[in-house]
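K.L.:
I have a structure I would like to understand better, so I am pasting it below and will then ask my questions one at a time.
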Amino acid sequence: MTTTGLVVCVAVLAVAGAFGVLRGRGDGRLKVRGNDGGKRLGAAELGAELGERATLVQFSSAFCQPCRATRRTLAEVAEMVDGVSHVELDAEERLELVRELGILRTPTVLVLDAGGRIVRRAAGRPRKVDVIAALGEAV
């Protein structure tokens with residue numbers, strides 16, 4: 001291998017490593033996105049009734065491994081907190097809604113208040129403690 005090839009290889013590995021670290025830091029973090037403000041979802045869009053106090057909406061896909069763990073986490077939180085429901089949607093079956101909401105990967109979790117307004121969103125698997133904290137803002 002030439003010196004140039006070795007330098008290119010090391011540079012590519014460094015960039016890939018930095019990308020992985022940065023993506024891992026933001027993965028699953030529940031944040032507010034500027035274009036979500038005021039956006040509301042209801043039973044018609046979700047195919048299920050909203051929770052009395054809040055709703056956890058999960059967009060999943062068939063072969064998504066983190067989606068299974070996210071499903072368990074959100075179901076546990078919904079059972080722990082009165083008036084909170086968990087709705088899971090198949091992203092492939094709801095492409096129009098996925099495009100409208102700008103969902104780029106699965107799992108994506110939306111936290112809705114009682115009126116269906118998007119309060120927080122996470123791309124990736126959120127931690128249970130972060131979901132509970134986000135619910136504090138929704139209820």
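Just so we're on the same page: first chain in the structure tokens is A, next is B, and so on; residues restart at 1 for each chain, and ligands are numbered from 1 in the order they show up.
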Among chain A, which residues carry a DSSP assignment of alpha helix (DSSP H), reported as a PyMOL selection string?
P.N.:
chain A and resi 3-26+43-46+65-80+95-101+128-138
K.L.:
If we count only C-alpha atoms and set the cut-off at 12 Å, which residues sit around A:Glu45, ignoring sequence neighbours fewer than 4 positions away in its own chain? Please answer as a short mmCIF file (atom, residue, chain, number, x, y, z; two decimals) with N, CA and C atoms, in the first residue's frame.
P.N.:
data_model
loop_
_atom_site.label_atom_id
_atom_site.label_comp_id
_atom_site.auth_asym_id
_atom_site.auth_seq_id
_atom_site.Cartn_x
_atom_site.Cartn_y
_atom_site.Cartn_z
N LYS A 39 -47.93 22.00 15.37
CA LYS A 39 -48.43 20.87 14.59
C LYS A 39 -49.22 19.95 15.50
N ARG A 40 -50.43 19.60 15.06
CA ARG A 40 -51.29 18.74 15.87
C ARG A 40 -51.67 17.48 15.10
N LEU A 41 -51.76 16.39 15.84
CA LEU A 41 -52.20 15.12 15.28
C LEU A 41 -53.41 14.66 16.08
N GLU A 49 -57.26 6.71 19.34
CA GLU A 49 -57.59 7.86 20.17
C GLU A 49 -56.36 8.39 20.90
N LEU A 50 -56.35 9.68 21.13
CA LEU A 50 -55.28 10.29 21.91
C LEU A 50 -55.43 9.92 23.38
N VAL A 57 -46.23 8.58 20.36
CA VAL A 57 -46.41 8.04 19.02
C VAL A 57 -45.06 7.52 18.54
N VAL A 87 -49.05 4.76 20.89
CA VAL A 87 -49.54 4.39 19.56
C VAL A 87 -48.33 4.10 18.69
N LEU A 89 -47.05 3.21 14.86
CA LEU A 89 -47.44 3.27 13.46
C LEU A 89 -46.34 2.67 12.59
N ARG A 94 -47.71 4.36 6.41
CA ARG A 94 -48.15 5.74 6.62
C ARG A 94 -47.18 6.74 5.98
N LEU A 95 -46.76 6.47 4.74
CA LEU A 95 -45.75 7.29 4.07
C LEU A 95 -46.14 8.76 3.95
N GLU A 96 -47.41 9.03 3.71
CA GLU A 96 -47.84 10.43 3.58
C GLU A 96 -47.61 11.19 4.89
N LEU A 97 -47.98 10.58 6.00
CA LEU A 97 -47.76 11.21 7.30
C LEU A 97 -46.27 11.32 7.63
N VAL A 98 -45.50 10.30 7.28
CA VAL A 98 -44.05 10.31 7.49
C VAL A 98 -43.43 11.49 6.76
N GLU A 100 -44.98 14.23 5.69
CA GLU A 100 -45.51 15.48 6.24
C GLU A 100 -44.77 15.89 7.51
N LEU A 101 -44.40 14.90 8.33
CA LEU A 101 -43.74 15.18 9.60
C LEU A 101 -42.22 15.21 9.49
N GLY A 116 -53.00 16.91 21.19
CA GLY A 116 -52.37 16.35 20.00
C GLY A 116 -51.22 17.18 19.44
#
K.L.:
Mind checking DSSP for chain A and telling me the strand (DSSP E or B) residues as a ChimeraX atom specification?
P.N.:
/A:31,40,54-60,84-90,108-113,117-123
K.L.:
Here is a test: counting only C-alpha atoms, which residue of A:Val12, A:Val131, A:Leu6, A:Val109 is nearest to A:Ala78?
P.N.:
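When distances to A:Ala78 are compared using only C-alpha atoms, the smallest one comes from A:Val131.
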K.L.:
My list of candidates is A:Gln58, A:Thr3, A:Ile132, A:Glu88. Which is closest to A:Glu76 when distances are computed with only C-alpha atoms?
P.N.:
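With only C-alpha atoms as the atom set, the closest residue is A:Ile132.
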K.L.:
Residues near A:Leu110, anyone? I mean within 6 Å using only C-alpha atoms, not counting same-chain ones fewer than 2 positions away, as a PDB file with C-alpha atoms, in the first residue's frame.
P.N.:
ATOM      1  CA  LEU A  56     -46.463   8.628  22.780  1.00  0.00           C
ATOM      2  CA  VAL A  57     -46.407   8.041  19.015  1.00  0.00           C
ATOM      3  CA  ARG A 120     -40.987  16.644  21.698  1.00  0.00           C
ATOM      4  CA  ARG A 121     -39.478  14.291  19.139  1.00  0.00           C
TER       5      ARG A 121
END
K.L.:
Neighbouring residues of A:Val119 were defined as those with any atom within 7 Å, considering only C-alpha atoms; residues of the same chain fewer than 5 positions away were excluded. Please report them as a PyMOL selection string.
P.N.:
chain A and resi 32+111-113+138
K.L.:
Write out as a list in words which residues come within 10 Å of A:Ala62 when counting only C-alpha atoms, dropping same-chain ones fewer than 3 positions away.
P.N.:
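Using only C-alpha atoms, the neighbours found are Gln65, Cys67, Arg68, Asp90, Ala91, Glu92 and Thr106 of chain A.
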K.L.:
Using only N, CA and C atoms, please write the residues we just selected to a file, as a CSV table (one decimal), in the first residue's frame.
P.N.:
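Wrote it out as out-v8.csv, contents follow:
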chain,number,residue,atom,x,y,z
A,65,GLN,N,-34.5,-3.3,14.5
A,65,GLN,CA,-34.2,-3.8,15.8
A,65,GLN,C,-34.5,-2.9,17.0
A,67,CYS,N,-36.6,-0.6,17.2
A,67,CYS,CA,-38.0,-0.3,17.3
A,67,CYS,C,-38.6,-1.3,18.4
A,68,ARG,N,-38.1,-2.5,18.5
A,68,ARG,CA,-38.7,-3.4,19.5
A,68,ARG,C,-38.4,-3.0,20.9
A,90,ASP,N,-46.7,1.9,11.6
A,90,ASP,CA,-45.8,1.4,10.6
A,90,ASP,C,-45.5,2.5,9.6
A,91,ALA,N,-44.2,2.9,9.6
A,91,ALA,CA,-43.8,4.0,8.7
A,91,ALA,C,-44.1,3.7,7.2
A,92,GLU,N,-43.9,2.5,6.8
A,92,GLU,CA,-44.1,2.1,5.4
A,92,GLU,C,-45.6,2.2,5.0
A,106,THR,N,-36.3,5.2,11.6
A,106,THR,CA,-37.1,4.6,12.6
A,106,THR,C,-36.1,4.0,13.6
K.L.:
Atom CA of A:Glu52 and atom CA of A:Ala75 are how many Å apart?
P.N.:
15.5 Å
K.L.:
With distances taken over only C-alpha atoms, which of A:Arg72, A:Val10, A:His86, A:Glu79 is nearest to A:Thr55?
P.N.:
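Of A:Arg72, A:Val10, A:His86, A:Glu79, the one nearest A:Thr55 is A:His86, counting only C-alpha atoms.
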K.L.:
Between A:Val129, A:Val139, A:Leu74, A:Ala122, single out the one closest to A:Pro107, counting only C-alpha atoms.
P.N.:
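Answer, going by the shortest atom-to-atom distance: A:Ala122.
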K.L.:
In Å to one decimal, how far is atom CA of A:Val84 from atom CA of A:Asp130?
P.N.:
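That distance, rounded to one decimal, is 15.1 Å.
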